[in-house]
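Below is one structure, written out as structure tokens; the observations come after it.
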Amino acid sequence: MKFLLKFFGYLFGIGAVCFLVAAAGGAWYLSTITKDLPDYTALKNYEPPVMTRVHAADGSLIAEYAKQRRMFLPIQGIPDLVKDAFISAEDKNFYHHPGIDITGVARAIVVNLRNKLSGNDRRPVGASTITQQVAKNFLLTNEVSYERKIKEAILALRIEDAYSKDKILELYLNEIYLGMGAYGVAGASLLYFDKSVHELTIAEAAYLAALPKGPNNYNPFRHPKAAIERRNWVIDRMVENGYVKPEDGEKAKAEPLKVTPRETGAQLFASEYFAEEVRRELKDMYGDDRLYNGGLSVRSTLDPKMQAEARKSLMDGLVKFDREHGTWRGPVDHVDVNAGEWGGLVGKVEKLNDVPEWQLAVVLDVNADQATIGIQPERLASGKLSTDRERGHIDFSEIKWVRRVKDGTSSVKGADDVLKVGDVVYVERIPDPAGGTSKAWMLRQVPEVSGAIVAMDPFTGRVLAMVGGFSYDQSEFNRATQAYRQPGSSFKPFVYSAALDNGYTPSSVVMDAPISVEQAGGEVWQPQNYGRKYYGPSTLRTGIEKSRNVMTVRLAQDMGMPLVAEYARRFGIYDKMLPVLSMALGAGETTVLRMTTAYSMIANGGRKVTPTLIDRIQDRYGRTIYKHDARECDGCDATDWHGQDEPKLVDNREQVLDPMTAYQITSMMEGVVQRGTATSVRAVGRPIAGKTGTTNDERDAWFMGFSPNLTVGVFVGYDTPRSMGRSGTGGHVAAPIFTEFMKQALADKPAVEFRVPPGINLIPINSRTGLRAAAGAPGTILEAFKPGTAPPDNYSIIGYQDEMGQPREVTPEADRAIMTGTGGLY
């Protein structure tokens, strides 16, 4: 007995020593691995990367920019259904354990030992709670090791001690990766189902909760069966935990997996060019990191309805110009329809996704009268082609616009002269008058010519619509902001504005006759009018209305080009214009946006405006960090009304042009539409002022114009400048685009006359001579004069002087001498 007691005493002593050694070793080991643990208190100030969202003026979403598609939601903003789904899937005891689930750990140890003893090489099973996942995702790596699991557990205990359960769950639900580039439940809800988390059904919330275990393993398109099985397992756990009624759970499990991936680019139809311009501005203002991770909320100036109208007007105008030229440049692609199933073959050809009116089709059969076509199958959300096949036909009547084939026949007599079996071409469905689905299609072709259109609020500079080309998919180059082109005669109003601001009147007379200008190096420049004709003495109004080049050169010469250059700078057309006479005819290069801004300053009465695509920007916390409207509001901060006057906006913007001058040039440009080079614009049926512009050899065609409350600029030309032919003028190509847009943009708005500033006198004059006339006499118009000015009773002509430089008297005989070149022109 004594021996046994002694033996057990030895055993106890050895055991105690071993325990103390083990405890010391364990303590040493824990101190070793915990001394370099990350600082868990950093979670308090954690700011996850959040995507930037750009909205239109009406609040509709234009685009999202992010490296991680995440929207941060506070825990109070996450519905209980979503929280219940994730807790059921990931950690049903979340609200009851101290950060570690002891039962789960024990279960994981048993499974891992069993796998080890059986020689199974499976990945070790974990028992991570949501708190442990927060520790791993925020503070540790994904390394698979027992040491990392120990660190994870220690951090989980510390996190639970420092933060509330709701705070931990908030961090988890906003940080977790859920596949397809989505981080957090709010971003995933938008990406997978195109809806807010508050709109999710039981089945949808359960599917999102199924993803953390392995987003790629439960991809809805690659592994739909596994995805549904995992979703239904989550639904069963929600029922088991009492979050969902059994009957609702069964109904949810019976639902198909309806995943509709959200587009990651521009979200609003026709807004691609606008969205990209906003993105570039944000990058310049805040840099890449804040743009893609900063969670900015951007309210833009875009009017979605007007943007769609601008896109359609420009697209229709470019297509019309292309069809008028009648040249078929060939198919988009060519496939061998005998080499495989035609739907799969044409399905491989990339199409322009931002021109939904058009479809790609392959020619299956063709004769002189008709081509039989197969329409490109729809691409499903999974990325696969639909198995549906649609056929149609193109009658020769819809191909007759083709008069010649490039590098081929110059005589088109039938459909088979243009199309061949296997050709992949663009087509547009012809509407069925009965309202059904028509089988008849028309042949389309992406135009070679391109252009741009900008619509602006003239009083604020807010860009309401911007289209930078036929298709953003075809070319991301924005011709509204990036293409520097010669504005031609659309620059002339600024030459005339400078004159009206400096002593000239609309009835001042300028000689329209041949002129020679000696340039640097002794070269002689002889500008000509577009029609190569001359019309003798003409008023400034006539010079604008008929776009007389020679008159403009004489006027600029009389004023001096430094003055014209100063006005060009004031209006923001050129930063530093060369003071040479050819620049008076728009020989310098500028952009559509700059020209639209300059015309807006005329339209608003001469106030400086700065173009903007952004109204305001808020940071991730809702604080306004940028606002375009810098005007001060006197009295806007009043908390109550005590009989005081209503608040007033104080406009401190620079006055770049006399308001009376602005009205005079506006009135003269109304004449361009009523009697001049843009009479087609009268079809708008509203007061419109504007100016055409055509450069040498018809390389650039412009129309710049405005109503009292809307300014619009249109440019058409080839990207590599070349002649558009004799029909490629501003009046023939650009003005119709302007007209169609304005018809739509102003359709639901009341007609408004141009505002006449106080002090302007409207006096009847003879439109040809500029002299005072009796009201109602033939050829009489009402002309606008500033106080202290009036039409002359007789006139002198700018550009018609005697040898001493004194104005010569104009008589019928002198008029004839001028036109025959014997009148002493200088």
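Ordering of the structure tokens sets the chain letters (A, B, ...); residue numbers start at 1 within each chain; ligands are numbered from 1 in the order shown.
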Might you pull out every residue within 12 Å of Met180 of chain A, with only C-alpha atoms counted and same-chain residues fewer than 2 positions away left off, and present them as a PyMOL selection string?
chain A and resi 67-70+177-178+182-184+187-192+208+211+214-221+259+261-264
Applying 12 Å and only C-alpha atoms, which residues near segment 434-445 of chain A remain after dropping the ones on its own chain fewer than 3 positions away? List them as a compact mmCIF listing (two decimals) with N, CA and C atoms, in the first residue's frame.
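Result file follows (out39.txt):
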# COMPACT_ATOMS: atom_id res chain seq x y z
N MET A 315 -27.53 60.49 -84.85
CA MET A 315 -27.42 59.22 -85.54
C MET A 315 -28.19 59.25 -86.87
N ASP A 316 -29.42 59.76 -86.84
CA ASP A 316 -30.24 59.83 -88.06
C ASP A 316 -29.60 60.74 -89.10
N LEU A 318 -26.34 61.46 -89.47
CA LEU A 318 -25.14 60.85 -90.04
C LEU A 318 -25.52 59.73 -91.02
N VAL A 319 -26.54 58.94 -90.66
CA VAL A 319 -26.98 57.86 -91.55
C VAL A 319 -27.55 58.45 -92.84
N LYS A 320 -28.33 59.52 -92.72
CA LYS A 320 -28.92 60.16 -93.90
C LYS A 320 -27.83 60.67 -94.84
N PHE A 321 -26.81 61.32 -94.29
CA PHE A 321 -25.71 61.82 -95.12
C PHE A 321 -25.01 60.66 -95.82
N ASP A 322 -24.79 59.56 -95.09
CA ASP A 322 -24.09 58.41 -95.65
C ASP A 322 -24.90 57.78 -96.78
N ARG A 323 -26.21 57.67 -96.59
CA ARG A 323 -27.07 57.07 -97.61
C ARG A 323 -27.15 57.95 -98.85
N GLY A 326 -24.58 57.09 -101.20
CA GLY A 326 -24.93 55.89 -101.95
C GLY A 326 -23.84 54.86 -102.15
N THR A 327 -22.77 54.88 -101.36
CA THR A 327 -21.68 53.92 -101.52
C THR A 327 -21.77 52.82 -100.47
N TRP A 328 -21.81 51.57 -100.92
CA TRP A 328 -21.79 50.42 -100.01
C TRP A 328 -20.33 50.01 -99.81
N ARG A 329 -19.89 50.04 -98.55
CA ARG A 329 -18.48 49.78 -98.27
C ARG A 329 -18.22 48.32 -97.90
N GLY A 330 -19.23 47.50 -98.00
CA GLY A 330 -19.03 46.08 -97.77
C GLY A 330 -19.60 45.60 -96.44
N PRO A 331 -19.63 44.28 -96.24
CA PRO A 331 -20.22 43.71 -95.02
C PRO A 331 -19.33 43.93 -93.80
N VAL A 332 -19.92 43.73 -92.64
CA VAL A 332 -19.17 43.79 -91.38
C VAL A 332 -18.19 42.63 -91.31
N LEU A 352 -22.38 46.37 -82.38
CA LEU A 352 -22.42 47.62 -81.61
C LEU A 352 -23.58 47.51 -80.62
N VAL A 355 -26.28 50.46 -80.18
CA VAL A 355 -27.21 50.80 -81.27
C VAL A 355 -28.26 49.68 -81.31
N GLU A 357 -31.26 49.54 -82.08
CA GLU A 357 -32.20 49.50 -83.20
C GLU A 357 -31.72 48.58 -84.32
N TRP A 358 -30.40 48.37 -84.37
CA TRP A 358 -29.81 47.56 -85.43
C TRP A 358 -29.47 46.17 -84.91
N GLN A 359 -29.55 45.19 -85.79
CA GLN A 359 -29.13 43.83 -85.48
C GLN A 359 -28.16 43.35 -86.55
N LEU A 360 -27.29 42.42 -86.17
CA LEU A 360 -26.46 41.77 -87.16
C LEU A 360 -27.24 40.62 -87.78
N ALA A 361 -27.03 40.39 -89.06
CA ALA A 361 -27.70 39.29 -89.76
C ALA A 361 -26.75 38.72 -90.79
N VAL A 362 -26.92 37.43 -91.08
CA VAL A 362 -26.11 36.78 -92.11
C VAL A 362 -27.01 36.50 -93.32
N VAL A 363 -26.47 36.75 -94.50
CA VAL A 363 -27.23 36.51 -95.73
C VAL A 363 -27.21 35.01 -96.02
N GLN A 370 -34.53 40.02 -103.68
CA GLN A 370 -34.62 39.89 -102.22
C GLN A 370 -33.44 39.10 -101.66
N ALA A 371 -33.11 39.40 -100.41
CA ALA A 371 -32.11 38.62 -99.68
C ALA A 371 -32.78 37.99 -98.47
N THR A 372 -32.56 36.69 -98.28
CA THR A 372 -33.04 36.00 -97.08
C THR A 372 -31.93 36.05 -96.03
N ILE A 373 -32.28 36.44 -94.82
CA ILE A 373 -31.27 36.66 -93.77
C ILE A 373 -31.62 35.89 -92.51
N GLY A 374 -30.56 35.57 -91.74
CA GLY A 374 -30.73 34.99 -90.42
C GLY A 374 -30.25 35.99 -89.38
N ILE A 375 -31.10 36.32 -88.41
CA ILE A 375 -30.80 37.34 -87.41
C ILE A 375 -29.90 36.76 -86.32
N GLU A 390 -34.21 33.20 -85.86
CA GLU A 390 -35.18 34.04 -86.58
C GLU A 390 -34.65 34.34 -87.97
N ARG A 391 -35.53 34.20 -88.94
CA ARG A 391 -35.19 34.55 -90.31
C ARG A 391 -36.03 35.73 -90.76
N GLY A 392 -35.55 36.44 -91.74
CA GLY A 392 -36.28 37.56 -92.31
C GLY A 392 -35.83 37.79 -93.74
N HIS A 393 -36.21 38.94 -94.30
CA HIS A 393 -35.82 39.23 -95.67
C HIS A 393 -35.60 40.73 -95.86
N ILE A 394 -34.73 41.05 -96.79
CA ILE A 394 -34.51 42.44 -97.19
C ILE A 394 -34.91 42.54 -98.65
N ASP A 395 -35.96 43.32 -98.92
CA ASP A 395 -36.38 43.54 -100.31
C ASP A 395 -35.43 44.51 -100.99
N PHE A 396 -35.33 44.40 -102.32
CA PHE A 396 -34.43 45.28 -103.05
C PHE A 396 -34.81 46.75 -102.88
N SER A 397 -36.09 47.03 -102.61
CA SER A 397 -36.51 48.42 -102.39
C SER A 397 -35.80 49.05 -101.20
N GLU A 398 -35.34 48.21 -100.25
CA GLU A 398 -34.63 48.71 -99.07
C GLU A 398 -33.12 48.72 -99.28
N ILE A 399 -32.69 48.40 -100.51
CA ILE A 399 -31.26 48.41 -100.83
C ILE A 399 -30.98 49.43 -101.93
N LYS A 400 -32.04 50.00 -102.51
CA LYS A 400 -31.88 50.89 -103.66
C LYS A 400 -31.06 52.14 -103.36
N TRP A 401 -30.93 52.47 -102.06
CA TRP A 401 -30.11 53.64 -101.74
C TRP A 401 -28.65 53.41 -102.14
N VAL A 402 -28.24 52.14 -102.29
CA VAL A 402 -26.89 51.83 -102.74
C VAL A 402 -26.82 52.03 -104.25
N ALA A 415 -30.47 43.13 -105.63
CA ALA A 415 -29.91 42.87 -104.30
C ALA A 415 -28.62 42.06 -104.38
N VAL A 418 -25.19 43.72 -104.45
CA VAL A 418 -24.69 44.32 -103.21
C VAL A 418 -24.32 43.25 -102.19
N LEU A 419 -25.17 42.23 -102.04
CA LEU A 419 -24.99 41.23 -100.99
C LEU A 419 -24.64 39.87 -101.57
N ASP A 423 -22.47 37.03 -96.17
CA ASP A 423 -22.19 38.39 -95.71
C ASP A 423 -22.89 38.64 -94.38
N VAL A 424 -22.17 39.20 -93.42
CA VAL A 424 -22.76 39.62 -92.14
C VAL A 424 -22.94 41.13 -92.19
N VAL A 425 -24.19 41.58 -92.08
CA VAL A 425 -24.51 43.00 -92.27
C VAL A 425 -25.42 43.49 -91.15
N TYR A 426 -25.50 44.81 -91.02
CA TYR A 426 -26.45 45.41 -90.08
C TYR A 426 -27.79 45.59 -90.75
N VAL A 427 -28.85 45.30 -90.01
CA VAL A 427 -30.22 45.47 -90.51
C VAL A 427 -31.07 46.12 -89.42
N GLU A 428 -32.14 46.73 -89.86
CA GLU A 428 -33.11 47.33 -88.92
C GLU A 428 -34.50 46.87 -89.33
N ARG A 429 -35.27 46.43 -88.33
CA ARG A 429 -36.59 45.89 -88.61
C ARG A 429 -37.54 46.99 -89.09
N ILE A 430 -38.32 46.71 -90.11
CA ILE A 430 -39.35 47.63 -90.58
C ILE A 430 -40.61 47.39 -89.75
N PRO A 431 -41.14 48.40 -89.10
CA PRO A 431 -42.32 48.19 -88.24
C PRO A 431 -43.49 47.60 -89.02
N GLU A 448 -19.35 56.42 -92.28
CA GLU A 448 -17.94 56.77 -92.15
C GLU A 448 -17.80 58.14 -91.51
N VAL A 449 -18.70 59.04 -91.87
CA VAL A 449 -18.67 60.39 -91.32
C VAL A 449 -19.13 60.35 -89.86
N PHE A 470 -21.18 58.58 -83.47
CA PHE A 470 -22.28 57.69 -83.86
C PHE A 470 -22.48 56.59 -82.82
Those in segment 621-683 of chain A with alpha helix (DSSP H) from DSSP, as a list of chain:residue names
A:Pro659, A:Met660, A:Thr661, A:Ala662, A:Tyr663, A:Gln664, A:Ile665, A:Thr666, A:Ser667, A:Met668, A:Met669, A:Glu670, A:Gly671, A:Val672, A:Val673, A:Gln674
Which residues are close to Arg53 of chain A, i.e. within 12 Å by only C-alpha atoms, leaving aside same-chain residues fewer than 2 positions away? Reply as number ranges by chain.
A: 50-51, 55-56, 59-66, 69-71, 187, 264-267, 275, 278-279, 282, 290-300, 617-620
Would you put the residues from that selection into a file with C-alpha atoms, as a PDB file, in the first residue's frame?
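out_33.pdb, freshly written:
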ATOM      1  CA  VAL A  50     -16.892  51.933 -51.996  1.00  0.00           C
ATOM      2  CA  MET A  51     -17.920  52.494 -55.605  1.00  0.00           C
ATOM      3  CA  HIS A  55     -26.632  60.123 -61.395  1.00  0.00           C
ATOM      4  CA  ALA A  56     -28.531  62.156 -63.973  1.00  0.00           C
ATOM      5  CA  GLY A  59     -31.721  60.986 -60.072  1.00  0.00           C
ATOM      6  CA  SER A  60     -31.543  58.027 -62.456  1.00  0.00           C
ATOM      7  CA  LEU A  61     -28.275  56.106 -62.362  1.00  0.00           C
ATOM      8  CA  ILE A  62     -25.835  56.819 -65.202  1.00  0.00           C
ATOM      9  CA  ALA A  63     -22.735  54.839 -64.228  1.00  0.00           C
ATOM     10  CA  GLU A  64     -20.805  53.172 -61.410  1.00  0.00           C
ATOM     11  CA  TYR A  65     -17.027  53.156 -61.038  1.00  0.00           C
ATOM     12  CA  ALA A  66     -15.221  50.767 -58.712  1.00  0.00           C
ATOM     13  CA  ARG A  69     -18.248  46.803 -56.477  1.00  0.00           C
ATOM     14  CA  ARG A  70     -19.385  47.725 -52.987  1.00  0.00           C
ATOM     15  CA  MET A  71     -21.985  50.012 -51.450  1.00  0.00           C
ATOM     16  CA  GLY A 187     -23.337  45.600 -54.154  1.00  0.00           C
ATOM     17  CA  THR A 264     -20.969  47.309 -65.212  1.00  0.00           C
ATOM     18  CA  GLY A 265     -20.574  50.259 -67.625  1.00  0.00           C
ATOM     19  CA  ALA A 266     -22.944  53.138 -68.328  1.00  0.00           C
ATOM     20  CA  GLN A 267     -26.406  52.273 -66.975  1.00  0.00           C
ATOM     21  CA  ALA A 275     -20.499  59.237 -68.543  1.00  0.00           C
ATOM     22  CA  VAL A 278     -17.678  62.801 -66.176  1.00  0.00           C
ATOM     23  CA  ARG A 279     -15.302  59.962 -65.261  1.00  0.00           C
ATOM     24  CA  LEU A 282     -13.601  63.109 -61.556  1.00  0.00           C
ATOM     25  CA  ARG A 290     -10.889  58.355 -54.694  1.00  0.00           C
ATOM     26  CA  LEU A 291     -12.723  57.829 -57.973  1.00  0.00           C
ATOM     27  CA  TYR A 292     -12.787  54.027 -57.726  1.00  0.00           C
ATOM     28  CA  ASN A 293     -12.697  53.522 -53.935  1.00  0.00           C
ATOM     29  CA  GLY A 294     -14.003  56.756 -52.417  1.00  0.00           C
ATOM     30  CA  GLY A 295     -17.761  56.228 -52.628  1.00  0.00           C
ATOM     31  CA  LEU A 296     -18.477  59.578 -54.260  1.00  0.00           C
ATOM     32  CA  SER A 297     -22.068  60.445 -55.087  1.00  0.00           C
ATOM     33  CA  VAL A 298     -22.159  62.594 -58.205  1.00  0.00           C
ATOM     34  CA  ARG A 299     -25.226  64.485 -59.397  1.00  0.00           C
ATOM     35  CA  SER A 300     -24.658  65.325 -63.042  1.00  0.00           C
ATOM     36  CA  ILE A 617     -20.439  65.908 -55.536  1.00  0.00           C
ATOM     37  CA  GLN A 618     -20.906  64.356 -52.093  1.00  0.00           C
ATOM     38  CA  ASP A 619     -18.446  62.164 -50.247  1.00  0.00           C
ATOM     39  CA  ARG A 620     -19.297  58.775 -48.733  1.00  0.00           C
TER      40      ARG A 620
END
Extract, using only C-alpha atoms, all DNA, RNA and protein residues at most 10 Å from Pro458 of chain A, discarding same-chain residues fewer than 6 positions from it, and format them as a PyMOL selection string.
chain A and resi 596-605+607-611+706-712
Resulting file, chosen residues, C-alpha atoms, as a tab-separated table (two decimals), in the first residue's frame:
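Below is the file that was written, out-v2.tsv:
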chain	number	residue	atom	x	y	z
A	596	THR	CA	-21.64	75.93	-77.47
A	597	THR	CA	-20.44	77.70	-74.33
A	598	ALA	CA	-19.55	80.81	-76.33
A	599	TYR	CA	-22.97	80.91	-78.02
A	600	SER	CA	-24.58	80.49	-74.58
A	601	MET	CA	-22.95	83.76	-73.50
A	602	ILE	CA	-24.67	85.53	-76.38
A	603	ALA	CA	-27.96	83.80	-75.58
A	604	ASN	CA	-27.93	84.76	-71.89
A	605	GLY	CA	-27.24	88.45	-72.47
A	607	ARG	CA	-22.76	86.74	-68.94
A	608	LYS	CA	-19.73	84.47	-68.55
A	609	VAL	CA	-20.65	80.81	-68.12
A	610	THR	CA	-18.42	77.86	-67.38
A	611	PRO	CA	-19.52	74.58	-68.95
A	706	PHE	CA	-30.13	78.71	-79.57
A	707	SER	CA	-33.65	79.40	-78.42
A	708	PRO	CA	-34.15	81.80	-75.48
A	709	ASN	CA	-33.48	78.96	-73.00
A	710	LEU	CA	-31.43	76.32	-74.81
A	711	THR	CA	-28.15	76.42	-76.74
A	712	VAL	CA	-27.15	73.62	-79.11
Mind checking which residues fall within 10 Å of Met559 of chain A, counting only C-alpha atoms, ignoring those fewer than 3 positions away in the same chain, and posting them as a PyMOL selection string?
chain A and resi 495+498-499+502-504+553-556+562-564
